[in-house]
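S.K.: Structure file protein-v1.cif, mmCIF, N, CA and C atoms, is pasted below:
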```
data_input
#
loop_
_atom_site.group_PDB
_atom_site.id
_atom_site.type_symbol
_atom_site.label_atom_id
_atom_site.label_comp_id
_atom_site.auth_asym_id
_atom_site.auth_seq_id
_atom_site.Cartn_x
_atom_site.Cartn_y
_atom_site.Cartn_z
ATOM 1 N N MET A 1 14.941 34.308 39.940
ATOM 2 C CA MET A 1 14.349 33.003 40.115
ATOM 3 C C MET A 1 14.611 32.523 41.552
ATOM 4 N N VAL A 2 13.569 32.034 42.193
ATOM 5 C CA VAL A 2 13.677 31.511 43.545
ATOM 6 C C VAL A 2 14.096 30.046 43.456
ATOM 7 N N ILE A 3 15.075 29.662 44.232
ATOM 8 C CA ILE A 3 15.547 28.275 44.194
ATOM 9 C C ILE A 3 15.175 27.587 45.502
ATOM 10 N N ASN A 4 14.391 26.541 45.387
ATOM 11 C CA ASN A 4 13.996 25.700 46.498
ATOM 12 C C ASN A 4 14.752 24.394 46.323
ATOM 13 N N PRO A 5 15.530 23.966 47.320
ATOM 14 C CA PRO A 5 16.357 22.764 47.138
ATOM 15 C C PRO A 5 15.581 21.527 46.708
ATOM 16 N N GLY A 6 14.432 21.284 47.321
ATOM 17 C CA GLY A 6 13.636 20.110 46.951
ATOM 18 C C GLY A 6 13.130 20.181 45.528
ATOM 19 N N LEU A 7 12.754 21.371 45.096
ATOM 20 C CA LEU A 7 12.289 21.540 43.724
ATOM 21 C C LEU A 7 13.460 21.553 42.749
ATOM 22 N N ALA A 8 14.578 22.138 43.165
ATOM 23 C CA ALA A 8 15.751 22.203 42.295
ATOM 24 C C ALA A 8 16.230 20.807 41.910
ATOM 25 N N VAL A 9 16.205 19.881 42.848
ATOM 26 C CA VAL A 9 16.592 18.495 42.565
ATOM 27 C C VAL A 9 15.699 17.916 41.470
ATOM 28 N N ARG A 10 14.458 18.383 41.434
ATOM 29 C CA ARG A 10 13.492 17.910 40.446
ATOM 30 C C ARG A 10 13.453 18.813 39.208
ATOM 31 N N LEU A 11 14.420 19.726 39.119
ATOM 32 C CA LEU A 11 14.560 20.657 37.993
ATOM 33 C C LEU A 11 13.349 21.574 37.830
ATOM 34 N N VAL A 12 12.757 21.976 38.968
ATOM 35 C CA VAL A 12 11.639 22.920 38.970
ATOM 36 C C VAL A 12 12.118 24.202 39.635
ATOM 37 N N ASN A 13 11.975 25.319 38.940
ATOM 38 C CA ASN A 13 12.349 26.610 39.491
ATOM 39 C C ASN A 13 11.121 27.491 39.608
ATOM 40 N N LEU A 14 11.057 28.256 40.679
ATOM 41 C CA LEU A 14 9.942 29.173 40.897
ATOM 42 C C LEU A 14 10.307 30.554 40.367
ATOM 43 N N PRO A 15 9.345 31.241 39.781
ATOM 44 C CA PRO A 15 9.640 32.599 39.298
ATOM 45 C C PRO A 15 9.835 33.562 40.465
ATOM 46 N N ASP A 16 10.549 34.657 40.201
ATOM 47 C CA ASP A 16 10.771 35.669 41.234
ATOM 48 C C ASP A 16 9.471 36.327 41.676
ATOM 49 N N ASN A 17 8.512 36.410 40.790
ATOM 50 C CA ASN A 17 7.260 37.085 41.099
ATOM 51 C C ASN A 17 6.176 36.108 41.565
ATOM 52 N N GLU A 18 6.578 35.092 42.304
ATOM 53 C CA GLU A 18 5.630 34.105 42.821
ATOM 54 C C GLU A 18 4.540 34.834 43.610
ATOM 55 N N ARG A 19 3.297 34.432 43.408
ATOM 56 C CA ARG A 19 2.182 35.081 44.093
ATOM 57 C C ARG A 19 1.548 34.127 45.109
ATOM 58 N N PHE A 20 0.803 34.705 46.042
ATOM 59 C CA PHE A 20 0.051 33.891 46.979
ATOM 60 C C PHE A 20 -1.126 33.259 46.243
ATOM 61 N N PRO A 21 -1.609 32.114 46.746
ATOM 62 C CA PRO A 21 -2.766 31.477 46.094
ATOM 63 C C PRO A 21 -3.984 32.397 46.093
ATOM 64 N N LYS A 22 -4.783 32.276 45.059
ATOM 65 C CA LYS A 22 -6.035 33.019 44.962
ATOM 66 C C LYS A 22 -7.157 32.159 45.534
ATOM 67 N N PRO A 23 -8.167 32.795 46.112
ATOM 68 C CA PRO A 23 -9.305 32.013 46.623
ATOM 69 C C PRO A 23 -10.039 31.319 45.473
ATOM 70 N N ALA A 24 -10.552 30.153 45.745
ATOM 71 C CA ALA A 24 -11.332 29.419 44.753
ATOM 72 C C ALA A 24 -12.706 30.059 44.609
ATOM 73 N N SER A 25 -13.296 29.852 43.438
ATOM 74 C CA SER A 25 -14.640 30.366 43.184
ATOM 75 C C SER A 25 -15.481 29.259 42.548
ATOM 76 N N GLU A 26 -16.767 29.433 42.566
ATOM 77 C CA GLU A 26 -17.682 28.442 41.990
ATOM 78 C C GLU A 26 -17.318 28.126 40.534
ATOM 79 N N PRO A 27 -17.036 29.116 39.694
ATOM 80 C CA PRO A 27 -16.642 28.791 38.302
ATOM 81 C C PRO A 27 -15.375 27.929 38.209
ATOM 82 N N ASP A 28 -14.467 28.067 39.160
ATOM 83 C CA ASP A 28 -13.267 27.216 39.166
ATOM 84 C C ASP A 28 -13.665 25.750 39.277
ATOM 85 N N PHE A 29 -14.577 25.459 40.181
ATOM 86 C CA PHE A 29 -15.007 24.072 40.389
ATOM 87 C C PHE A 29 -15.818 23.571 39.192
ATOM 88 N N GLN A 30 -16.665 24.417 38.653
ATOM 89 C CA GLN A 30 -17.484 24.030 37.503
ATOM 90 C C GLN A 30 -16.628 23.714 36.287
ATOM 91 N N ALA A 31 -15.530 24.414 36.131
ATOM 92 C CA ALA A 31 -14.660 24.226 34.966
ATOM 93 C C ALA A 31 -13.701 23.048 35.121
ATOM 94 N N ALA A 32 -13.553 22.548 36.326
ATOM 95 C CA ALA A 32 -12.545 21.513 36.593
ATOM 96 C C ALA A 32 -13.013 20.130 36.164
ATOM 97 N N THR A 33 -12.075 19.366 35.647
ATOM 98 C CA THR A 33 -12.315 17.958 35.350
ATOM 99 C C THR A 33 -12.042 17.113 36.581
ATOM 100 N N ARG A 34 -11.065 17.549 37.336
ATOM 101 C CA ARG A 34 -10.659 16.841 38.560
ATOM 102 C C ARG A 34 -10.240 17.893 39.571
ATOM 103 N N ILE A 35 -10.643 17.687 40.833
ATOM 104 C CA ILE A 35 -10.304 18.629 41.893
ATOM 105 C C ILE A 35 -9.537 17.868 42.960
ATOM 106 N N ILE A 36 -8.345 18.366 43.285
ATOM 107 C CA ILE A 36 -7.490 17.715 44.268
ATOM 108 C C ILE A 36 -7.119 18.729 45.341
ATOM 109 N N ALA A 37 -7.273 18.330 46.592
ATOM 110 C CA ALA A 37 -6.820 19.141 47.719
ATOM 111 C C ALA A 37 -5.760 18.327 48.456
ATOM 112 N N LEU A 38 -4.771 18.996 48.999
ATOM 113 C CA LEU A 38 -3.661 18.272 49.618
ATOM 114 C C LEU A 38 -3.914 17.891 51.068
ATOM 115 N N ASP A 39 -4.425 18.790 51.872
ATOM 116 C CA ASP A 39 -4.577 18.518 53.300
ATOM 117 C C ASP A 39 -6.058 18.438 53.649
ATOM 118 N N GLU A 40 -6.577 17.221 53.706
ATOM 119 C CA GLU A 40 -8.009 17.033 53.967
ATOM 120 C C GLU A 40 -8.444 17.667 55.284
ATOM 121 N N PHE A 41 -7.619 17.570 56.313
ATOM 122 C CA PHE A 41 -7.999 18.103 57.625
ATOM 123 C C PHE A 41 -8.163 19.621 57.589
ATOM 124 N N GLU A 42 -7.431 20.276 56.725
ATOM 125 C CA GLU A 42 -7.562 21.726 56.577
ATOM 126 C C GLU A 42 -8.646 22.098 55.563
ATOM 127 N N HIS A 43 -8.677 21.409 54.429
ATOM 128 C CA HIS A 43 -9.533 21.835 53.329
ATOM 129 C C HIS A 43 -10.971 21.355 53.409
ATOM 130 N N ARG A 44 -11.230 20.177 53.954
ATOM 131 C CA ARG A 44 -12.614 19.687 54.005
ATOM 132 C C ARG A 44 -13.521 20.629 54.809
ATOM 133 N N PRO A 45 -13.121 21.086 55.998
ATOM 134 C CA PRO A 45 -13.997 22.017 56.725
ATOM 135 C C PRO A 45 -14.225 23.327 55.964
ATOM 136 N N LEU A 46 -13.195 23.826 55.278
ATOM 137 C CA LEU A 46 -13.353 25.040 54.474
ATOM 138 C C LEU A 46 -14.326 24.805 53.322
ATOM 139 N N MET A 47 -14.222 23.657 52.699
ATOM 140 C CA MET A 47 -15.138 23.336 51.612
ATOM 141 C C MET A 47 -16.559 23.190 52.123
ATOM 142 N N ASN A 48 -16.734 22.531 53.267
ATOM 143 C CA ASN A 48 -18.077 22.402 53.859
ATOM 144 C C ASN A 48 -18.690 23.768 54.125
ATOM 145 N N GLU A 49 -17.864 24.699 54.522
ATOM 146 C CA GLU A 49 -18.331 26.052 54.840
ATOM 147 C C GLU A 49 -18.606 26.877 53.580
ATOM 148 N N ARG A 50 -17.703 26.825 52.607
ATOM 149 C CA ARG A 50 -17.784 27.729 51.456
ATOM 150 C C ARG A 50 -18.426 27.122 50.208
ATOM 151 N N PHE A 51 -18.167 25.847 49.976
ATOM 152 C CA PHE A 51 -18.667 25.184 48.760
ATOM 153 C C PHE A 51 -19.138 23.766 49.111
ATOM 154 N N PRO A 52 -20.158 23.638 49.948
ATOM 155 C CA PRO A 52 -20.552 22.311 50.436
ATOM 156 C C PRO A 52 -20.929 21.324 49.337
ATOM 157 N N GLN A 53 -21.433 21.810 48.214
ATOM 158 C CA GLN A 53 -21.823 20.913 47.124
ATOM 159 C C GLN A 53 -20.617 20.243 46.461
ATOM 160 N N TRP A 54 -19.411 20.748 46.714
ATOM 161 C CA TRP A 54 -18.205 20.192 46.103
ATOM 162 C C TRP A 54 -17.367 19.356 47.072
ATOM 163 N N THR A 55 -17.718 19.351 48.342
ATOM 164 C CA THR A 55 -16.900 18.695 49.370
ATOM 165 C C THR A 55 -16.591 17.242 49.044
ATOM 166 N N ASP A 56 -17.588 16.499 48.602
ATOM 167 C CA ASP A 56 -17.388 15.066 48.354
ATOM 168 C C ASP A 56 -16.924 14.758 46.930
ATOM 169 N N VAL A 57 -16.800 15.792 46.107
ATOM 170 C CA VAL A 57 -16.295 15.621 44.742
ATOM 171 C C VAL A 57 -14.762 15.672 44.745
ATOM 172 N N ILE A 58 -14.213 16.349 45.724
ATOM 173 C CA ILE A 58 -12.763 16.559 45.808
ATOM 174 C C ILE A 58 -12.045 15.269 46.157
ATOM 175 N N GLU A 59 -10.910 15.077 45.538
ATOM 176 C CA GLU A 59 -9.994 13.980 45.884
ATOM 177 C C GLU A 59 -8.965 14.562 46.860
ATOM 178 N N TYR A 60 -8.945 14.035 48.059
ATOM 179 C CA TYR A 60 -8.021 14.533 49.085
ATOM 180 C C TYR A 60 -6.805 13.605 49.137
ATOM 181 N N TRP A 61 -5.633 14.210 49.061
ATOM 182 C CA TRP A 61 -4.396 13.424 49.024
ATOM 183 C C TRP A 61 -3.749 13.230 50.392
ATOM 184 N N LEU A 62 -4.246 13.822 51.423
ATOM 185 C CA LEU A 62 -3.725 13.645 52.786
ATOM 186 C C LEU A 62 -2.244 14.002 52.917
ATOM 187 N N VAL A 63 -1.878 15.119 52.326
ATOM 188 C CA VAL A 63 -0.529 15.669 52.466
ATOM 189 C C VAL A 63 -0.656 16.903 53.345
ATOM 190 N N HIS A 64 -0.068 16.848 54.517
ATOM 191 C CA HIS A 64 -0.186 17.968 55.454
ATOM 192 C C HIS A 64 0.615 19.177 54.994
ATOM 193 N N ASP A 65 0.146 20.343 55.412
ATOM 194 C CA ASP A 65 0.877 21.579 55.163
ATOM 195 C C ASP A 65 2.137 21.611 56.014
ATOM 196 N N ILE A 66 3.036 22.550 55.702
ATOM 197 C CA ILE A 66 4.341 22.573 56.357
ATOM 198 C C ILE A 66 4.279 23.001 57.825
ATOM 199 N N ASP A 67 3.096 23.381 58.320
ATOM 200 C CA ASP A 67 2.984 23.622 59.760
ATOM 201 C C ASP A 67 2.870 22.310 60.528
ATOM 202 N N LYS A 68 2.615 21.190 59.795
ATOM 203 C CA LYS A 68 2.469 19.881 60.432
ATOM 204 C C LYS A 68 3.517 18.873 59.983
ATOM 205 N N THR A 69 4.184 19.161 58.878
ATOM 206 C CA THR A 69 5.216 18.261 58.362
ATOM 207 C C THR A 69 6.281 19.108 57.670
ATOM 208 N N SER A 70 7.409 18.531 57.416
ATOM 209 C CA SER A 70 8.470 19.299 56.756
ATOM 210 C C SER A 70 8.160 19.449 55.268
ATOM 211 N N ALA A 71 8.689 20.487 54.675
ATOM 212 C CA ALA A 71 8.494 20.721 53.243
ATOM 213 C C ALA A 71 9.058 19.546 52.438
ATOM 214 N N LEU A 72 10.167 18.998 52.887
ATOM 215 C CA LEU A 72 10.790 17.879 52.175
ATOM 216 C C LEU A 72 9.875 16.651 52.172
ATOM 217 N N VAL A 73 9.281 16.346 53.320
ATOM 218 C CA VAL A 73 8.367 15.203 53.408
ATOM 219 C C VAL A 73 7.131 15.466 52.557
ATOM 220 N N ALA A 74 6.558 16.661 52.676
ATOM 221 C CA ALA A 74 5.361 16.991 51.901
ATOM 222 C C ALA A 74 5.647 16.919 50.406
ATOM 223 N N LEU A 75 6.774 17.448 49.977
ATOM 224 C CA LEU A 75 7.129 17.423 48.562
ATOM 225 C C LEU A 75 7.265 15.986 48.060
ATOM 226 N N GLY A 76 7.868 15.128 48.854
ATOM 227 C CA GLY A 76 7.985 13.716 48.476
ATOM 228 C C GLY A 76 6.623 13.057 48.344
ATOM 229 N N GLN A 77 5.700 13.371 49.246
ATOM 230 C CA GLN A 77 4.352 12.809 49.178
ATOM 231 C C GLN A 77 3.602 13.316 47.946
ATOM 232 N N ILE A 78 3.752 14.612 47.664
ATOM 233 C CA ILE A 78 3.100 15.180 46.490
ATOM 234 C C ILE A 78 3.653 14.550 45.218
ATOM 235 N N GLU A 79 4.981 14.400 45.153
ATOM 236 C CA GLU A 79 5.597 13.786 43.984
ATOM 237 C C GLU A 79 5.073 12.371 43.768
ATOM 238 N N LYS A 80 4.973 11.599 44.828
ATOM 239 C CA LYS A 80 4.475 10.229 44.726
ATOM 240 C C LYS A 80 3.042 10.218 44.202
ATOM 241 N N LYS A 81 2.208 11.092 44.736
ATOM 242 C CA LYS A 81 0.811 11.152 44.308
ATOM 243 C C LYS A 81 0.699 11.621 42.852
ATOM 244 N N LEU A 82 1.545 12.582 42.457
ATOM 245 C CA LEU A 82 1.523 13.047 41.072
ATOM 246 C C LEU A 82 1.932 11.940 40.102
ATOM 247 N N LEU A 83 2.939 11.181 40.472
ATOM 248 C CA LEU A 83 3.359 10.070 39.615
ATOM 249 C C LEU A 83 2.258 9.022 39.498
ATOM 250 N N GLN A 84 1.554 8.757 40.590
ATOM 251 C CA GLN A 84 0.422 7.817 40.551
ATOM 252 C C GLN A 84 -0.687 8.369 39.650
ATOM 253 N N LEU A 85 -0.952 9.674 39.751
ATOM 254 C CA LEU A 85 -1.964 10.302 38.923
ATOM 255 C C LEU A 85 -1.591 10.214 37.439
ATOM 256 N N ILE A 86 -0.336 10.500 37.121
ATOM 257 C CA ILE A 86 0.113 10.427 35.724
ATOM 258 C C ILE A 86 -0.057 9.007 35.189
ATOM 259 N N GLU A 87 0.314 8.017 35.992
ATOM 260 C CA GLU A 87 0.158 6.622 35.571
ATOM 261 C C GLU A 87 -1.307 6.282 35.355
ATOM 262 N N GLN A 88 -2.158 6.737 36.268
ATOM 263 C CA GLN A 88 -3.591 6.479 36.160
ATOM 264 C C GLN A 88 -4.163 7.147 34.896
ATOM 265 N N LEU A 89 -3.775 8.366 34.631
ATOM 266 C CA LEU A 89 -4.274 9.077 33.449
ATOM 267 C C LEU A 89 -3.764 8.436 32.164
ATOM 268 N N ALA A 90 -2.545 7.951 32.181
ATOM 269 C CA ALA A 90 -1.965 7.315 31.003
ATOM 270 C C ALA A 90 -2.703 6.010 30.663
ATOM 271 N N GLN A 91 -3.256 5.351 31.677
ATOM 272 C CA GLN A 91 -3.955 4.083 31.463
ATOM 273 C C GLN A 91 -5.402 4.274 31.072
ATOM 274 N N SER A 92 -5.916 5.491 31.242
ATOM 275 C CA SER A 92 -7.346 5.703 30.925
ATOM 276 C C SER A 92 -7.569 6.221 29.520
#
```
As structure tokens - that is how I would like this structure written.

M.R.:
Amino acid sequence: MVINPGLAVRLVNLPDNERFPKPASEPDFQAATRIIALDEFEHRPLMNERFPQWTDVIEYWLVHDIDKTSALVALGQIEKKLLQLIEQLAQS
């Protein structure tokens, strides 16, 4: 098991066989109820290029990748957004 300090504090452990992300496909978007991308500056141009019909359907959370911010800051932003999402879903 891989231990990440920021995730460990939140009692989340990563498996040893963690894999790299897989590319998205049209069926992925068609099957989704909600689509969220973390870094709009990175993902919006890719979406415009590869899946332009989905670009404006995506909810962008404006969380930069770790090449622009620290993992700790990004994780805190993701956690905040996830908690807001859970609250929003609980109210609907």

S.K.: Tell me which of A:Lys81, A:Lys22, A:Arg10, A:Arg34 sits closest to Trp61 (chain A), counting only C-alpha atoms.

M.R.: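 So, comparing all the options, the nearest one is A:Lys81.
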
S.K.: Kindly give the distance, in Å, that separates CA of Ala24 (chain A) and atom C of Phe41 (chain A), rounded to a single decimal.

M.R.: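 Atom-to-atom, CA of Ala24 (chain A) and atom C of Phe41 (chain A) are spaced 16.5 Å apart.
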
S.K.: Quick check for you: according to DSSP on this backbone, which residues of region 9-89 of chain A are classed as helix (DSSP H, G or I)? Reply as a ChimeraX atom specification.

M.R.: /A:9,26-31,40-50,52-54,71-89

S.K.: Okay, now the selection with N, CA and C atoms, as a CSV table (one decimal), in the frame of the given file?

M.R.:
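Result saved to out_28.csv:
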```csv
chain,number,residue,atom,x,y,z
A,9,VAL,N,16.2,19.9,42.8
A,9,VAL,CA,16.6,18.5,42.6
A,9,VAL,C,15.7,17.9,41.5
A,26,GLU,N,-16.8,29.4,42.6
A,26,GLU,CA,-17.7,28.4,42.0
A,26,GLU,C,-17.3,28.1,40.5
A,27,PRO,N,-17.0,29.1,39.7
A,27,PRO,CA,-16.6,28.8,38.3
A,27,PRO,C,-15.4,27.9,38.2
A,28,ASP,N,-14.5,28.1,39.2
A,28,ASP,CA,-13.3,27.2,39.2
A,28,ASP,C,-13.7,25.8,39.3
A,29,PHE,N,-14.6,25.5,40.2
A,29,PHE,CA,-15.0,24.1,40.4
A,29,PHE,C,-15.8,23.6,39.2
A,30,GLN,N,-16.7,24.4,38.7
A,30,GLN,CA,-17.5,24.0,37.5
A,30,GLN,C,-16.6,23.7,36.3
A,31,ALA,N,-15.5,24.4,36.1
A,31,ALA,CA,-14.7,24.2,35.0
A,31,ALA,C,-13.7,23.0,35.1
A,40,GLU,N,-6.6,17.2,53.7
A,40,GLU,CA,-8.0,17.0,54.0
A,40,GLU,C,-8.4,17.7,55.3
A,41,PHE,N,-7.6,17.6,56.3
A,41,PHE,CA,-8.0,18.1,57.6
A,41,PHE,C,-8.2,19.6,57.6
A,42,GLU,N,-7.4,20.3,56.7
A,42,GLU,CA,-7.6,21.7,56.6
A,42,GLU,C,-8.6,22.1,55.6
A,43,HIS,N,-8.7,21.4,54.4
A,43,HIS,CA,-9.5,21.8,53.3
A,43,HIS,C,-11.0,21.4,53.4
A,44,ARG,N,-11.2,20.2,54.0
A,44,ARG,CA,-12.6,19.7,54.0
A,44,ARG,C,-13.5,20.6,54.8
A,45,PRO,N,-13.1,21.1,56.0
A,45,PRO,CA,-14.0,22.0,56.7
A,45,PRO,C,-14.2,23.3,56.0
A,46,LEU,N,-13.2,23.8,55.3
A,46,LEU,CA,-13.4,25.0,54.5
A,46,LEU,C,-14.3,24.8,53.3
A,47,MET,N,-14.2,23.7,52.7
A,47,MET,CA,-15.1,23.3,51.6
A,47,MET,C,-16.6,23.2,52.1
A,48,ASN,N,-16.7,22.5,53.3
A,48,ASN,CA,-18.1,22.4,53.9
A,48,ASN,C,-18.7,23.8,54.1
A,49,GLU,N,-17.9,24.7,54.5
A,49,GLU,CA,-18.3,26.1,54.8
A,49,GLU,C,-18.6,26.9,53.6
A,50,ARG,N,-17.7,26.8,52.6
A,50,ARG,CA,-17.8,27.7,51.5
A,50,ARG,C,-18.4,27.1,50.2
A,52,PRO,N,-20.2,23.6,49.9
A,52,PRO,CA,-20.6,22.3,50.4
A,52,PRO,C,-20.9,21.3,49.3
A,53,GLN,N,-21.4,21.8,48.2
A,53,GLN,CA,-21.8,20.9,47.1
A,53,GLN,C,-20.6,20.2,46.5
A,54,TRP,N,-19.4,20.7,46.7
A,54,TRP,CA,-18.2,20.2,46.1
A,54,TRP,C,-17.4,19.4,47.1
A,71,ALA,N,8.7,20.5,54.7
A,71,ALA,CA,8.5,20.7,53.2
A,71,ALA,C,9.1,19.5,52.4
A,72,LEU,N,10.2,19.0,52.9
A,72,LEU,CA,10.8,17.9,52.2
A,72,LEU,C,9.9,16.7,52.2
A,73,VAL,N,9.3,16.3,53.3
A,73,VAL,CA,8.4,15.2,53.4
A,73,VAL,C,7.1,15.5,52.6
A,74,ALA,N,6.6,16.7,52.7
A,74,ALA,CA,5.4,17.0,51.9
A,74,ALA,C,5.6,16.9,50.4
A,75,LEU,N,6.8,17.4,50.0
A,75,LEU,CA,7.1,17.4,48.6
A,75,LEU,C,7.3,16.0,48.1
A,76,GLY,N,7.9,15.1,48.9
A,76,GLY,CA,8.0,13.7,48.5
A,76,GLY,C,6.6,13.1,48.3
A,77,GLN,N,5.7,13.4,49.2
A,77,GLN,CA,4.4,12.8,49.2
A,77,GLN,C,3.6,13.3,47.9
A,78,ILE,N,3.8,14.6,47.7
A,78,ILE,CA,3.1,15.2,46.5
A,78,ILE,C,3.7,14.6,45.2
A,79,GLU,N,5.0,14.4,45.2
A,79,GLU,CA,5.6,13.8,44.0
A,79,GLU,C,5.1,12.4,43.8
A,80,LYS,N,5.0,11.6,44.8
A,80,LYS,CA,4.5,10.2,44.7
A,80,LYS,C,3.0,10.2,44.2
A,81,LYS,N,2.2,11.1,44.7
A,81,LYS,CA,0.8,11.2,44.3
A,81,LYS,C,0.7,11.6,42.9
A,82,LEU,N,1.5,12.6,42.5
A,82,LEU,CA,1.5,13.0,41.1
A,82,LEU,C,1.9,11.9,40.1
A,83,LEU,N,2.9,11.2,40.5
A,83,LEU,CA,3.4,10.1,39.6
A,83,LEU,C,2.3,9.0,39.5
A,84,GLN,N,1.6,8.8,40.6
A,84,GLN,CA,0.4,7.8,40.6
A,84,GLN,C,-0.7,8.4,39.6
A,85,LEU,N,-1.0,9.7,39.8
A,85,LEU,CA,-2.0,10.3,38.9
A,85,LEU,C,-1.6,10.2,37.4
A,86,ILE,N,-0.3,10.5,37.1
A,86,ILE,CA,0.1,10.4,35.7
A,86,ILE,C,-0.1,9.0,35.2
A,87,GLU,N,0.3,8.0,36.0
A,87,GLU,CA,0.2,6.6,35.6
A,87,GLU,C,-1.3,6.3,35.4
A,88,GLN,N,-2.2,6.7,36.3
A,88,GLN,CA,-3.6,6.5,36.2
A,88,GLN,C,-4.2,7.1,34.9
A,89,LEU,N,-3.8,8.4,34.6
A,89,LEU,CA,-4.3,9.1,33.4
A,89,LEU,C,-3.8,8.4,32.2
```

S.K.: Could you tell me how far CA of Leu62 (chain A) lies from atom C of Glu40 (chain A), in Å and to one decimal?

M.R.: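 Straight-line distance from CA of Leu62 (chain A) to atom C of Glu40 (chain A) works out to 6.7 Å.
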
S.K.: Quick one: residues within 6.5 Å of region 73-75 of chain A, only N, CA and C atoms, excluding same-chain residues fewer than 5 positions away - as number ranges by chain?

M.R.: A: 63-64, 80

S.K.: Care to translate the PyMOL selection byres (((chain A and resi 59 and name CA) around 12) and name CA) into actual residues of this file, as an NGL selection string?

M.R.: :A and (33-40 or 43-44 or 54-58 or 60-63 or 81 or 85)
